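Asks: Compact mmCIF, C-alpha atoms, saved as input25.txt, coming up:
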# COMPACT_ATOMS: atom_id res chain seq x y z
CA MET A 1 -21.14 -54.71 43.69
CA THR A 2 -23.11 -54.50 46.93
CA MET A 3 -26.32 -52.64 47.76
CA ARG A 4 -24.14 -50.01 49.46
CA HIS A 5 -22.66 -49.12 46.07
CA LEU A 6 -25.86 -49.46 44.08
CA VAL A 7 -27.88 -46.90 46.04
CA PRO A 8 -25.62 -43.86 45.45
CA ILE A 9 -25.09 -44.84 41.80
CA SER A 10 -28.85 -45.10 41.26
CA LEU A 11 -29.38 -41.72 42.91
CA LEU A 12 -26.69 -40.17 40.71
CA CYS A 13 -28.32 -41.60 37.58
CA LEU A 14 -31.74 -40.35 38.62
CA GLY A 15 -30.31 -36.91 39.33
CA ALA A 16 -28.57 -36.80 35.96
CA LEU A 17 -31.79 -37.79 34.21
CA GLY A 18 -33.69 -35.08 36.06
CA VAL A 19 -31.16 -32.42 35.04
CA LEU A 20 -31.18 -33.56 31.41
CA GLY A 21 -34.98 -33.66 31.33
CA CYS A 22 -35.19 -30.08 32.53
CA GLU A 23 -32.35 -28.69 30.45
CA PRO A 24 -33.51 -25.22 29.39
CA GLY A 25 -31.86 -25.43 25.99
CA SER A 26 -33.52 -28.66 24.92
CA GLU A 27 -35.66 -28.50 21.79
CA PRO A 28 -39.41 -28.43 22.39
CA ILE A 29 -41.31 -31.38 20.98
CA GLU A 30 -43.77 -30.39 18.29
CA VAL A 31 -47.30 -31.46 19.09
CA LEU A 32 -48.64 -32.88 15.87
CA CYS A 33 -51.93 -34.42 16.96
CA GLY A 34 -51.56 -36.75 14.05
CA PRO A 35 -50.00 -40.03 13.07
CA PHE A 36 -46.26 -40.07 12.90
CA GLU A 37 -46.42 -41.90 9.59
CA TYR A 38 -49.28 -39.96 8.14
CA ASP A 39 -50.56 -40.99 4.75
CA PRO A 40 -52.76 -38.25 3.34
CA GLU A 41 -54.05 -40.63 0.66
CA THR A 42 -55.69 -42.98 3.11
CA GLN A 43 -55.99 -41.09 6.37
CA THR A 44 -57.84 -37.98 7.37
CA ALA A 45 -56.01 -35.98 9.99
CA PRO A 46 -57.98 -33.78 12.39
CA ASP A 47 -58.56 -30.46 10.73
CA THR A 48 -57.30 -27.44 12.62
CA ASP A 49 -59.85 -25.27 10.79
CA ASP A 50 -62.64 -27.28 12.36
CA PHE A 51 -61.12 -27.24 15.82
CA PRO A 52 -62.89 -24.07 17.09
CA LYS A 53 -66.14 -26.09 17.21
CA VAL A 54 -64.43 -28.65 19.42
CA SER A 55 -62.69 -25.93 21.39
CA SER A 56 -66.06 -24.40 22.24
CA VAL A 57 -67.09 -27.69 23.81
CA LEU A 58 -63.84 -27.97 25.75
CA GLU A 59 -64.13 -24.36 26.91
CA ARG A 60 -67.70 -24.80 28.05
CA ARG A 61 -67.51 -28.26 29.56
CA CYS A 62 -63.92 -28.52 30.77
CA GLY A 63 -62.39 -25.05 30.86
CA THR A 64 -64.12 -23.30 33.74
CA LEU A 65 -61.74 -21.43 36.02
CA ASP A 66 -62.18 -23.99 38.79
CA CYS A 67 -61.39 -26.96 36.52
CA HIS A 68 -59.07 -27.02 33.51
CA GLY A 69 -59.17 -23.24 33.08
CA THR A 70 -56.38 -22.93 35.57
CA LEU A 71 -52.62 -22.71 35.44
CA ALA A 72 -52.24 -25.43 38.01
CA ARG A 73 -53.86 -28.36 36.23
CA PRO A 74 -52.95 -30.47 33.20
CA LEU A 75 -55.02 -30.15 30.01
CA ARG A 76 -55.03 -26.38 30.29
CA ILE A 77 -57.99 -24.88 28.45
CA TYR A 78 -58.20 -21.22 27.49
CA GLY A 79 -61.37 -19.36 26.55
CA ALA A 80 -63.42 -16.20 26.73
CA GLY A 81 -65.27 -17.27 29.87
CA GLY A 82 -62.29 -18.80 31.63
CA LEU A 83 -58.52 -18.54 31.63
CA ARG A 84 -57.04 -16.20 29.02
CA LEU A 85 -53.87 -16.63 27.03
CA PHE A 86 -52.07 -13.62 28.40
CA THR A 87 -48.76 -11.96 27.76
CA ILE A 88 -46.30 -11.49 30.58
CA ASP A 89 -47.16 -7.77 30.63
CA GLU A 90 -50.86 -8.56 30.92
CA PHE A 91 -50.12 -11.07 33.64
CA ASN A 92 -48.27 -8.48 35.66
CA ASP A 93 -50.65 -5.59 34.92
CA ALA A 94 -54.39 -6.37 35.17
CA SER A 95 -55.34 -2.94 33.81
CA LEU A 96 -53.45 -3.68 30.59
CA ALA A 97 -55.27 -7.02 30.32
CA GLN A 98 -58.59 -5.21 30.87
CA GLU A 99 -57.70 -2.71 28.15
CA ASN A 100 -56.87 -5.53 25.73
CA GLY A 101 -59.94 -7.60 26.65
CA THR A 102 -57.66 -10.44 27.76
CA VAL A 103 -59.71 -10.98 30.89
CA SER A 104 -62.01 -13.74 31.96
CA GLY A 105 -65.40 -12.77 30.54
CA GLY A 106 -63.74 -10.30 28.16
CA SER A 107 -63.42 -10.51 24.37
CA GLY A 108 -64.16 -13.73 22.45
CA THR A 109 -61.84 -16.72 22.35
CA THR A 110 -58.94 -15.91 20.05
CA SER A 111 -57.39 -18.09 17.37
CA ALA A 112 -54.24 -18.31 19.50
CA GLU A 113 -56.36 -19.68 22.34
CA HIS A 114 -57.98 -22.21 19.99
CA GLU A 115 -54.53 -23.34 18.92
CA ALA A 116 -53.36 -23.58 22.54
CA ASN A 117 -56.41 -25.72 23.33
CA ARG A 118 -55.73 -27.97 20.34
CA ARG A 119 -52.19 -28.46 21.58
CA SER A 120 -53.46 -29.20 25.08
CA MET A 121 -55.87 -31.79 23.74
CA CYS A 122 -53.39 -33.43 21.40
CA GLY A 123 -50.37 -33.12 23.65
CA ILE A 124 -51.80 -34.93 26.62
CA GLU A 125 -51.20 -38.31 24.92
CA PRO A 126 -49.61 -37.49 21.55
CA GLU A 127 -48.58 -41.02 20.59
CA LEU A 128 -51.92 -42.59 21.47
CA THR A 129 -53.71 -39.74 19.74
CA GLY A 130 -51.76 -40.61 16.63
CA GLU A 131 -52.92 -44.20 16.95
CA VAL A 132 -56.54 -43.06 17.20
CA ILE A 133 -56.14 -40.93 14.10
CA ARG A 134 -54.63 -43.87 12.22
CA GLY A 135 -57.64 -45.90 13.24
CA VAL A 136 -55.59 -48.35 15.28
CA LEU A 137 -57.28 -47.40 18.54
CA PRO A 138 -60.80 -46.22 19.29
CA PRO A 139 -61.09 -42.63 20.58
CA GLU A 140 -62.33 -43.92 23.93
CA GLU A 141 -58.80 -45.17 24.61
CA LEU A 142 -57.67 -41.58 25.04
CA MET A 143 -57.61 -39.87 28.39
CA ILE A 144 -59.39 -36.91 26.80
CA LEU A 145 -62.46 -39.17 26.60
CA ARG A 146 -61.75 -41.73 29.29
CA LYS A 147 -61.82 -39.08 32.02
CA PRO A 148 -65.02 -37.18 31.12
CA LEU A 149 -66.78 -40.49 30.42
CA LEU A 150 -65.62 -41.74 33.83
CA ILE A 151 -63.98 -44.80 32.29
CA GLU A 152 -61.06 -43.54 34.38
CA ARG A 153 -61.28 -41.69 37.69
CA HIS A 154 -61.94 -37.98 37.14
CA LYS A 155 -62.13 -35.42 39.93
CA GLY A 156 -64.58 -33.40 37.83
CA GLY A 157 -66.96 -36.36 37.51
CA ALA A 158 -68.88 -37.40 34.41
CA VAL A 159 -68.76 -34.53 31.96
CA PHE A 160 -69.91 -36.46 28.88
CA GLN A 161 -72.18 -39.43 28.37
CA THR A 162 -71.19 -42.35 26.14
CA GLY A 163 -72.68 -41.59 22.74
CA GLY A 164 -73.69 -38.13 23.92
CA PRO A 165 -73.00 -34.97 21.93
CA GLY A 166 -69.80 -34.04 23.77
CA ALA A 167 -68.18 -37.44 23.26
CA VAL A 168 -69.34 -37.57 19.62
CA CYS A 169 -68.00 -34.08 18.95
CA LEU A 170 -64.52 -34.93 20.25
CA SER A 171 -64.24 -38.43 18.83
CA CYS A 172 -65.47 -37.41 15.37
CA TRP A 173 -62.96 -34.59 15.20
CA LEU A 174 -60.17 -36.95 16.25
CA ARG A 175 -61.18 -39.32 13.45
CA GLY A 176 -61.21 -36.49 10.93
CA PHE A 177 -65.01 -36.27 10.67
CA PRO A 178 -65.48 -39.58 8.85
CA ASP A 179 -68.69 -40.12 6.90
CA ASP A 180 -70.14 -42.66 9.30
CA ILE A 181 -73.57 -42.12 10.75
CA ASP A 182 -72.33 -40.87 14.13
CA CYS A 183 -70.37 -38.05 12.59
CA GLN A 184 -72.73 -36.91 9.85
CA ASP A 185 -73.95 -33.96 11.80
CA VAL A 186 -71.05 -33.38 14.10
CA VAL A 187 -71.37 -29.61 14.06
CA THR A 188 -74.84 -30.00 15.49
CA GLU A 189 -73.44 -32.45 18.03
CA CYS A 190 -70.77 -29.98 19.12
CA GLN A 191 -73.36 -27.23 19.42
CA LYS A 192 -75.64 -29.56 21.38
CA ALA A 193 -72.78 -30.37 23.73
CA ILE A 194 -72.47 -26.70 24.55
CA ARG A 195 -76.19 -26.06 24.85
CA ASP A 196 -77.06 -29.19 26.83
CA ASN A 197 -74.70 -28.24 29.62
CA LEU A 198 -77.70 -27.24 31.77
CA MET B 1 -28.30 -60.90 64.36
CA MET B 2 -31.70 -59.23 64.73
CA ASN B 3 -30.19 -56.76 67.20
CA ARG B 4 -28.15 -55.23 64.36
CA PHE B 5 -31.34 -54.33 62.47
CA ARG B 6 -33.30 -52.94 65.40
CA PRO B 7 -32.12 -49.32 64.99
CA ILE B 8 -32.88 -49.46 61.24
CA ILE B 9 -36.33 -50.87 61.87
CA ALA B 10 -36.97 -48.20 64.49
CA VAL B 11 -35.86 -45.41 62.14
CA LEU B 12 -38.00 -46.85 59.32
CA GLY B 13 -40.97 -47.03 61.69
CA VAL B 14 -40.61 -43.38 62.72
CA ALA B 15 -40.14 -42.31 59.09
CA THR B 16 -43.28 -44.20 58.07
CA ALA B 17 -45.26 -42.57 60.88
CA ILE B 18 -44.02 -39.09 59.87
CA GLY B 19 -44.85 -39.87 56.25
CA ALA B 20 -48.36 -40.99 57.18
CA VAL B 21 -49.01 -37.77 59.14
CA ALA B 22 -47.54 -35.59 56.39
CA ALA B 23 -49.67 -37.37 53.80
CA CYS B 24 -52.81 -36.07 55.53
CA THR B 25 -51.99 -32.44 54.77
CA ASP B 26 -52.38 -30.66 51.48
CA PRO B 27 -49.58 -28.13 51.03
CA LEU B 28 -51.46 -26.31 48.27
CA LYS B 29 -54.55 -25.80 50.43
CA ASP B 30 -52.38 -24.89 53.42
CA ARG B 31 -50.72 -22.20 51.33
CA GLN B 32 -54.02 -20.89 49.97
CA ILE B 33 -55.42 -20.66 53.50
CA ALA B 34 -52.30 -18.90 54.76
CA GLU B 35 -52.56 -16.39 51.91
CA LEU B 36 -56.02 -15.34 53.16
CA GLY B 37 -54.45 -13.70 56.20
CA GLU B 38 -55.84 -13.04 59.66
CA GLU B 39 -59.30 -11.78 60.61
CA GLN B 40 -59.73 -8.03 60.23
CA ASP B 41 -59.68 -5.87 63.37
CA GLY B 42 -63.16 -5.46 64.80
CA PHE B 43 -64.57 -8.33 62.76
CA PRO B 44 -63.98 -11.65 64.47
CA GLU B 45 -65.23 -14.91 63.00
CA SER B 46 -68.91 -14.47 62.24
CA PRO B 47 -71.35 -14.78 59.32
CA ILE B 48 -70.15 -11.43 57.97
CA HIS B 49 -66.43 -12.09 58.14
CA ARG B 50 -64.05 -12.22 55.19
CA PRO B 51 -66.33 -11.01 52.36
CA GLY B 52 -64.88 -11.90 48.98
CA GLN B 53 -62.67 -14.71 50.19
CA PRO B 54 -63.02 -18.38 49.14
CA CYS B 55 -65.27 -19.73 51.93
CA VAL B 56 -64.99 -23.47 51.36
CA LEU B 57 -61.22 -23.49 51.78
CA CYS B 58 -61.78 -23.30 55.54
CA HIS B 59 -65.45 -24.26 55.87
CA SER B 60 -64.73 -27.82 54.85
CA ASP B 61 -63.74 -31.24 56.13
CA TYR B 62 -60.13 -30.27 55.54
CA PHE B 63 -59.86 -27.20 57.77
CA GLY B 64 -62.93 -27.93 59.85
CA ALA B 65 -64.44 -24.43 60.23
CA GLU B 66 -68.17 -24.53 60.98
CA PRO B 67 -70.58 -24.53 59.31
CA GLN B 68 -69.20 -26.83 56.67
CA MET B 69 -70.27 -25.49 53.31
CA VAL B 70 -70.69 -26.94 49.86
CA LEU B 71 -70.86 -23.48 48.36
CA GLY B 72 -70.32 -19.96 49.61
CA GLY B 73 -69.47 -16.48 48.43
CA THR B 74 -70.24 -12.78 48.53
CA VAL B 75 -72.43 -10.65 46.28
CA PHE B 76 -71.52 -6.97 45.93
CA VAL B 77 -73.25 -4.02 44.34
CA GLU B 78 -71.38 -2.54 41.39
CA PRO B 79 -69.70 0.65 42.65
CA GLU B 80 -71.16 3.95 41.44
CA GLU B 81 -67.78 4.94 40.07
CA PRO B 82 -65.11 2.57 38.75
CA GLY B 83 -62.73 1.84 41.60
CA GLY B 84 -65.29 2.92 44.21
CA PRO B 85 -65.85 0.89 47.39
CA LEU B 86 -67.37 -2.54 47.04
CA LEU B 87 -70.39 -2.86 49.32
CA GLY B 88 -72.09 -6.16 50.08
CA ALA B 89 -75.54 -6.63 48.56
CA PRO B 90 -77.99 -7.80 51.26
CA GLY B 91 -81.18 -9.72 50.63
CA TYR B 92 -80.35 -11.22 47.24
CA GLU B 93 -81.33 -14.79 46.58
CA ILE B 94 -79.02 -17.38 45.04
CA ARG B 95 -80.62 -20.21 43.09
CA LEU B 96 -78.73 -23.29 42.00
CA LEU B 97 -79.51 -25.93 39.44
CA ASP B 98 -77.31 -29.01 39.48
CA SER B 99 -76.61 -31.45 36.68
CA GLN B 100 -79.25 -33.88 37.95
CA GLY B 101 -81.90 -31.22 37.76
CA GLU B 102 -82.03 -30.52 41.47
CA ILE B 103 -82.94 -26.93 42.16
CA THR B 104 -82.29 -25.22 45.44
CA GLY B 105 -82.02 -21.78 46.87
CA GLN B 106 -85.48 -20.33 46.50
CA GLY B 107 -86.15 -18.85 49.91
CA LEU B 108 -83.17 -20.77 51.26
CA ILE B 109 -79.97 -19.04 50.19
CA THR B 110 -80.10 -15.31 50.79
CA THR B 111 -77.21 -12.89 51.12
CA ASN B 112 -76.76 -11.46 54.62
CA GLU B 113 -76.16 -7.85 55.65
CA CYS B 114 -72.63 -7.88 54.19
CA GLY B 115 -73.50 -9.85 51.06
CA ASN B 116 -72.20 -13.22 52.26
CA PHE B 117 -74.16 -16.38 51.51
CA TRP B 118 -73.55 -20.09 51.85
CA VAL B 119 -75.10 -23.50 51.46
CA THR B 120 -74.40 -26.31 53.91
CA GLU B 121 -74.06 -29.99 53.20
CA GLU B 122 -77.35 -30.59 55.05
CA GLN B 123 -79.12 -28.17 52.72
CA PHE B 124 -77.81 -29.41 49.40
CA GLN B 125 -75.43 -31.99 48.01
CA PRO B 126 -74.99 -30.84 44.44
CA ALA B 127 -74.02 -32.91 41.43
CA TYR B 128 -71.62 -30.67 39.56
CA PRO B 129 -71.65 -28.74 37.27
CA LEU B 130 -73.94 -26.09 38.73
CA ARG B 131 -75.83 -23.27 37.12
CA VAL B 132 -76.15 -20.21 39.34
CA GLU B 133 -78.71 -17.42 39.20
CA VAL B 134 -79.11 -14.34 41.35
CA PHE B 135 -82.56 -13.00 42.13
CA GLY B 136 -83.46 -9.68 43.71
CA PRO B 137 -86.01 -6.89 43.86
CA SER B 138 -87.34 -5.72 40.53
CA LEU B 139 -86.69 -2.11 39.56
CA ALA B 140 -90.37 -1.57 38.82
CA ASP B 141 -91.78 -3.40 41.82
CA ALA B 142 -89.61 -3.86 44.88
CA ASP B 143 -91.89 -6.58 46.22
CA ARG B 144 -91.31 -8.72 43.17
CA SER B 145 -88.19 -10.86 43.02
CA VAL B 146 -86.76 -11.15 39.52
CA GLN B 147 -83.72 -12.72 37.94
CA ILE B 148 -80.89 -10.20 38.12
CA SER B 149 -78.11 -12.25 36.57
CA VAL B 150 -77.09 -15.73 35.51
CA MET B 151 -73.51 -16.93 35.71
CA SER B 152 -72.38 -17.28 32.11
CA THR B 153 -70.27 -20.36 32.80
CA ARG B 154 -70.88 -23.23 35.19
CA ILE B 155 -69.31 -24.11 38.50
CA GLY B 156 -67.31 -27.23 37.73
CA ARG B 157 -66.13 -28.33 41.14
CA ASP B 158 -65.14 -25.50 43.48
CA GLY B 159 -67.83 -24.38 45.90
CA SER B 160 -65.81 -21.29 46.83
CA CYS B 161 -67.13 -18.49 44.64
CA GLY B 162 -64.11 -16.47 45.73
CA GLY B 163 -61.85 -19.16 44.28
CA CYS B 164 -62.53 -17.69 40.82
CA HIS B 165 -64.27 -14.36 41.52
CA ALA B 166 -61.42 -12.15 42.70
CA GLU B 167 -60.60 -8.52 42.17
CA PRO B 168 -59.22 -7.07 39.99
CA VAL B 169 -60.64 -8.47 36.74
CA SER B 170 -57.71 -10.25 35.11
CA PRO B 171 -56.80 -13.07 32.72
CA LEU B 172 -57.33 -15.39 35.70
CA SER B 173 -60.52 -13.89 37.12
CA PRO B 174 -63.83 -12.35 36.00
CA GLY B 175 -63.81 -10.09 39.08
CA ALA B 176 -66.18 -10.00 42.04
CA ILE B 177 -69.82 -11.09 41.81
CA LEU B 178 -71.64 -7.83 41.14
CA ILE B 179 -75.23 -6.66 41.01
CA PRO B 180 -75.13 -4.33 38.00
CA ARG B 181 -75.98 -0.73 38.92
CA ALA B 182 -78.54 -0.63 36.14
CA LEU B 183 -80.51 -3.43 37.85
CA PHE B 184 -80.01 -2.28 41.42
CA ASN B 185 -83.12 -1.06 43.21
CA ALA B 186 -81.65 1.39 45.74
CA ASP B 187 -85.05 1.96 47.38
CA ALA B 188 -85.50 -1.71 48.14
CA VAL B 189 -82.03 -2.64 49.38
CA ASP B 190 -80.55 -1.35 52.59
CA LEU B 191 -76.87 -1.13 51.71
CA PRO B 192 -74.34 -1.37 54.54
CA SER B 193 -71.95 1.49 55.14
CA GLU B 194 -68.25 0.96 54.54
CA THR B 195 -67.66 0.51 58.27
CA ASP B 196 -70.51 -1.94 58.87
CA CYS B 197 -68.70 -4.78 57.16
CA PRO B 198 -65.12 -5.96 56.83
CA THR B 199 -63.28 -4.52 53.86
CA PRO B 200 -63.59 -7.04 51.02
CA ARG B 201 -60.44 -9.03 50.45
CA PHE B 202 -59.83 -11.54 47.72
CA ARG B 203 -57.55 -14.45 47.12
CA PRO B 204 -54.41 -13.32 45.35
CA THR B 205 -55.17 -13.06 41.63
CA VAL B 206 -51.63 -14.12 40.90
CA PRO B 207 -50.64 -16.93 43.24
CA GLU B 208 -47.52 -16.10 45.19
CA SER B 209 -45.80 -19.13 43.77
CA LEU B 210 -46.19 -17.71 40.23
CA ALA B 211 -45.54 -14.09 41.11
CA GLN B 212 -42.05 -14.86 42.40
Before we go any further, please render this structure as C-alpha cells.
Replies:
Amino acid sequence: MTMRHLVPISLLCLGALGVLGCEPGSEPIEVLCGPFEYDPETQTAPDTDDFPKVSSVLERRCGTLDCHGTLARPLRIYGAGGLRLFTIDEFNDASLAQENGTVSGGSGTTSAEHEANRRSMCGIEPELTGEVIRGVLPPEELMILRKPLLIERHKGGAVFQTGGPGAVCLSCWLRGFPDDIDCQDVVTECQKAIRDNL
Amino acid sequence: MMNRFRPIIAVLGVATAIGAVAACTDPLKDRQIAELGEEQDGFPESPIHRPGQPCVLCHSDYFGAEPQMVLGGTVFVEPEEPGGPLLGAPGYEIRLLDSQGEITGQGLITTNECGNFWVTEEQFQPAYPLRVEVFGPSLADADRSVQISVMSTRIGRDGSCGGCHAEPVSPLSPGAILIPRALFNADAVDLPSETDCPTPRFRPTVPESLAQ
C-alpha cells in the first residue's frame, strides 16, 4: 500500500471517528468524581453535601462572567453573581429570567447550580480525579489546581497560592476532608478563600 | 528529479504563508467586533462614542484603536421608570484595586459627559482580579465625593465592562452599570439629554452563534 492509498483511508477513519464521537444517541458518561473501584470501608469520597462550600470558592474566584462564568469556556461555573443555570425559555426570554430571579446578580446560587459546578469540577479530568480521591495522586496533579496555582499556564493568572485557603479548600474536599492538620478547619479555609479575594 | 517536486513545494509554501497570516486573526474577536455595528449617525469616533459597548475589543493591540485601554466602560443613571431611557452619568469617579494592592482612579478615572470612562496602559497595568468602586457626589453634600457602589464580584480578566454589563439583565448579564436613583444627586450632576449622546448599545446578550 502506497502513501496515495493511506491518506484517503486515514481521512475516512478520522471522519468515521468524528461522526461516532458526536452521535446524538450515544449514552452520556456519568460524572462520578470518585474512584472507579471505590471502597467505602477505606476511602472517603468527596461529599456532595459539603460541596456548596467549595462551590462558593469556585463561584467567587473562578466563575466571574469574564472567566469561567461563560458558555464559551471549559470548566463552566454557575452562580448568583455570574452565569445562571437557565432554562431554554429563560434563555430566549430575559423578562422570564428576571421574573424567576435566574439572572446574574439575582437570587442565590441554587442546588442545581451547585451540582452543575461539582460536575464541572469533577468532569474536567474524571479519571485523574478518581486517582486523587483514591490517594494515588496528590490533588496538585489535577488541572483544577494546576491552573490556578500556575503550575500550568493559565490565562486567568494565579488565582490561588500554594498552601493558601483556596487551594486547601479544594484539595481537602477532593480528599474527603481527611483529619490531617491542613484540613482540620477547612470550612474556615473555604470562607477565607472567598473573603481574601480582595 | 527535483523539478517534479517544485510545484508541490511552491503550493506548500503558499499554503504555509496563508496559514501564518490566518493564524494572526482571532475569528471570535472578529465576530464580536462585527456584532458591534457601525458608528451611529451624528456621532463619529470620539470619547463619547458607543456608550455601553465593550471598549477594549477595539481599543487594544488586536484592533489597534487609540487610545489603547486596559479597562473601559460606561456608567448610566438608573432610569426614573423601568424601561426608561438610559442616560450617561457624568463626573463619577472609578476607583480600582488590583490583586497586588495597587490602587488607582482617584482623580484619574472620571466619567465624561456621556458616562464613558477608560484607563490606558500608561495609567495603570493591573494585576487581575480587580475590585471596582464608583464614587460620586453625596446626597447630603454635593461637594463631598462618597462611595456610591462597589462591584459585588471581581473583574477576572476582561477590561471591557460592556463585555459582561449588557442590557437587558439576563442569565448571562447583570445589566448596565447603574447609579441607583436613590443615591443620585440630581442637583450635583448635569445629566445629558437623550440627543446629546449616542443611544446606548450593548453587545448581544445572546451571542449570534448561540441564538441560531
Asks: Pick the closest to Cys62 (chain A) from B:Thr153, B:Thr110, B:Ser145, B:Gln53: which is it, counting all atoms listed in the file?
Replies: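 Looking at the shortest contact to Cys62 (chain A), the residue is B:Thr153.
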Asks: Counting only C-alpha atoms, which residues of chain A sit at most 6 Å from some atom of chain B, and what is each one's closest atom pair with its distance in Å to one decimal, listed by chain and rising residue number, as a tab-separated table?
Replies:
residue	atom	partner	partner_atom	distance
A:Asp66	CA	B:Asp158	CA	5.7
A:Leu83	CA	B:Leu172	CA	5.3
A:Arg84	CA	B:Pro171	CA	4.9
A:Ala94	CA	B:Ser170	CA	5.1
A:Thr102	CA	B:Pro171	CA	5.7
A:Val103	CA	B:Pro171	CA	4.0
A:Ser104	CA	B:Pro174	CA	4.6
A:Gly105	CA	B:Pro174	CA	5.7
Asks: Neighbouring residues of Val146 (chain B) were defined as those with any atom within 7 Å, considering only C-alpha atoms; residues of the same chain fewer than 2 positions away were excluded. Please report them as an mmCIF file with C-alpha atoms, in the frame of the given file.
Replies:
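Result saved to out-v6.cif:
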data_model
loop_
_atom_site.group_PDB
_atom_site.id
_atom_site.type_symbol
_atom_site.label_atom_id
_atom_site.label_comp_id
_atom_site.auth_asym_id
_atom_site.auth_seq_id
_atom_site.Cartn_x
_atom_site.Cartn_y
_atom_site.Cartn_z
ATOM 1 C CA PHE B 135 -82.560 -13.000 42.130
ATOM 2 C CA GLY B 136 -83.460 -9.680 43.710
ATOM 3 C CA PRO B 137 -86.010 -6.890 43.860
ATOM 4 C CA SER B 138 -87.340 -5.720 40.530
ATOM 5 C CA ARG B 144 -91.310 -8.720 43.170
ATOM 6 C CA ILE B 148 -80.890 -10.200 38.120
#
Asks: Of the candidates A:Lys53, A:Leu58, A:Ile77, A:Leu85, which one gets nearest to Leu145 (chain A) if we count all atoms listed in the file?
Replies: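 Closest to Leu145 (chain A), using all atoms listed in the file: A:Leu58.
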Asks: What's the separation between CA of Gly91 (chain B) and CA of Thr111 (chain B), in Å to one decimal place?
Replies: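 We find that CA of Gly91 (chain B) and CA of Thr111 (chain B) lie 5.1 Å from each other.
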Asks: Taking 2 positions as the minimum chain separation for residues in the same chain, which residues sit within 9 Å of Pro52 (chain A) when counting all atoms listed in the file? Answer as a list in words.
Replies: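 Counting all atoms listed in the file, the residues come to Thr48, Asp49, Asp50, Val54, Ser55, Ser56, Val57, Ser111, His114, Glu115 and Arg118 of chain A.
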Asks: Any idea what's packed within 9 Å of Asp47 (chain A), counting all atoms listed in the file, ignoring anything in its chain fewer than 5 positions away? Could you give it as number ranges by chain?
Replies: A: 173-174, 176-177
Asks: Residues near Glu80 (chain B), anyone? I mean within 10 Å using only C-alpha atoms, not counting same-chain ones fewer than 4 positions away, as an NGL selection string.
Replies: :B and (84-86 or 180-181)
Asks: List every residue of region 29-135 of chain B that has an atom at most 10 Å from any atom of region 186-189 of chain B, giving for each one its closest atom pair and the distance in Å to one decimal, counting only C-alpha atoms, sorted by chain and then by ascending residue number, as a tab-separated table.
Replies:
residue	atom	partner	partner_atom	distance
B:Ala89	CA	B:Val189	CA	7.7
B:Pro90	CA	B:Val189	CA	6.8
B:Gly91	CA	B:Val189	CA	7.2
B:Tyr92	CA	B:Val189	CA	9.0
Asks: To one decimal place, how far is CA of Phe202 (chain B) from CA of Thr110 (chain A) in Å?
Replies: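 CA of Thr110 (chain A) lies 28.0 Å from CA of Phe202 (chain B).
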Asks: Give me the residues within 10 Å of region 113-119 of chain B as a count of residues only, counting all atoms listed in the file and dropping any in the same chain fewer than 3 places off.
Replies: 51
Asks: What is the CA of Gly82 (chain A)-CA of Gly69 (chain A) distance in Å, reported with one decimal?
Replies: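 That distance, rounded to one decimal, is 5.6 Å.
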Asks: Quick one: residues within 12 Å of (-73.6, -39.6, 30.0) (file frame), counting all atoms listed in the file, please, as a list in words.
Replies: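 With a cut-off of 12 Å, the residues come to Leu145, Lys147, Pro148, Leu149, Leu150, Ile151, Gly157, Ala158, Val159, Phe160, Gln161, Thr162, Gly163, Gly164, Pro165, Gly166, Ala167, Val168, Ala193, Asp196 and Asn197 of chain A; Ser99 and Gln100 of chain B.
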Asks: Find the axis-aligned box for region 130-147 of chain A, covering all its listed atoms and adding 5 Å on each side, and write its centre and edge lengths in Å to one decimal as lines of an AutoDock Vina configuration file.
Replies:
center_x = -57.1
center_y = -42.6
center_z = 22.1
size_x = 20.7
size_y = 21.4
size_z = 29.8
Asks: Which one is closest to Lys192 (chain A): A:Cys169, A:Thr87, A:Ile124, A:Ala97? Count all atoms listed in the file.
Replies: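 Distance minimum relative to Lys192 (chain A) lands on A:Cys169.
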Asks: With all atoms listed in the file as the basis for distance, which of A:Glu152, A:Ile194, A:Pro74, A:Arg146 is at the shortest distance from Ser171 (chain A)?
Replies: A:Arg146
Asks: Could you pull region 47-73 of chain B out of the block above and give me C-alpha atoms, as a PDB file, in the first residue's frame?
Replies:
ATOM      1  CA  PRO B  47     -14.622  59.935  23.536  1.00  0.00           C
ATOM      2  CA  ILE B  48     -18.417  59.807  23.732  1.00  0.00           C
ATOM      3  CA  HIS B  49     -18.998  57.203  21.050  1.00  0.00           C
ATOM      4  CA  ARG B  50     -20.538  53.780  21.563  1.00  0.00           C
ATOM      5  CA  PRO B  51     -21.709  54.047  25.199  1.00  0.00           C
ATOM      6  CA  GLY B  52     -22.391  50.618  26.654  1.00  0.00           C
ATOM      7  CA  GLN B  53     -20.247  48.682  24.223  1.00  0.00           C
ATOM      8  CA  PRO B  54     -17.151  46.645  25.186  1.00  0.00           C
ATOM      9  CA  CYS B  55     -14.372  49.224  24.682  1.00  0.00           C
ATOM     10  CA  VAL B  56     -11.284  47.035  24.865  1.00  0.00           C
ATOM     11  CA  LEU B  57     -12.382  44.841  21.976  1.00  0.00           C
ATOM     12  CA  CYS B  58     -11.255  47.613  19.620  1.00  0.00           C
ATOM     13  CA  HIS B  59      -9.088  49.776  21.887  1.00  0.00           C
ATOM     14  CA  SER B  60      -6.433  47.098  22.096  1.00  0.00           C
ATOM     15  CA  ASP B  61      -3.319  45.736  20.443  1.00  0.00           C
ATOM     16  CA  TYR B  62      -5.554  43.454  18.406  1.00  0.00           C
ATOM     17  CA  PHE B  63      -7.727  46.017  16.634  1.00  0.00           C
ATOM     18  CA  GLY B  64      -5.447  48.980  17.220  1.00  0.00           C
ATOM     19  CA  ALA B  65      -7.977  51.747  18.021  1.00  0.00           C
ATOM     20  CA  GLU B  66      -6.431  54.581  20.026  1.00  0.00           C
ATOM     21  CA  PRO B  67      -6.135  55.118  22.901  1.00  0.00           C
ATOM     22  CA  GLN B  68      -5.307  51.564  23.852  1.00  0.00           C
ATOM     23  CA  MET B  69      -7.148  50.774  27.042  1.00  0.00           C
ATOM     24  CA  VAL B  70      -6.738  48.266  29.826  1.00  0.00           C
ATOM     25  CA  LEU B  71     -10.229  48.986  31.076  1.00  0.00           C
ATOM     26  CA  GLY B  72     -13.192  50.964  29.829  1.00  0.00           C
ATOM     27  CA  GLY B  73     -16.943  51.228  30.147  1.00  0.00           C
TER      28      GLY B  73
END
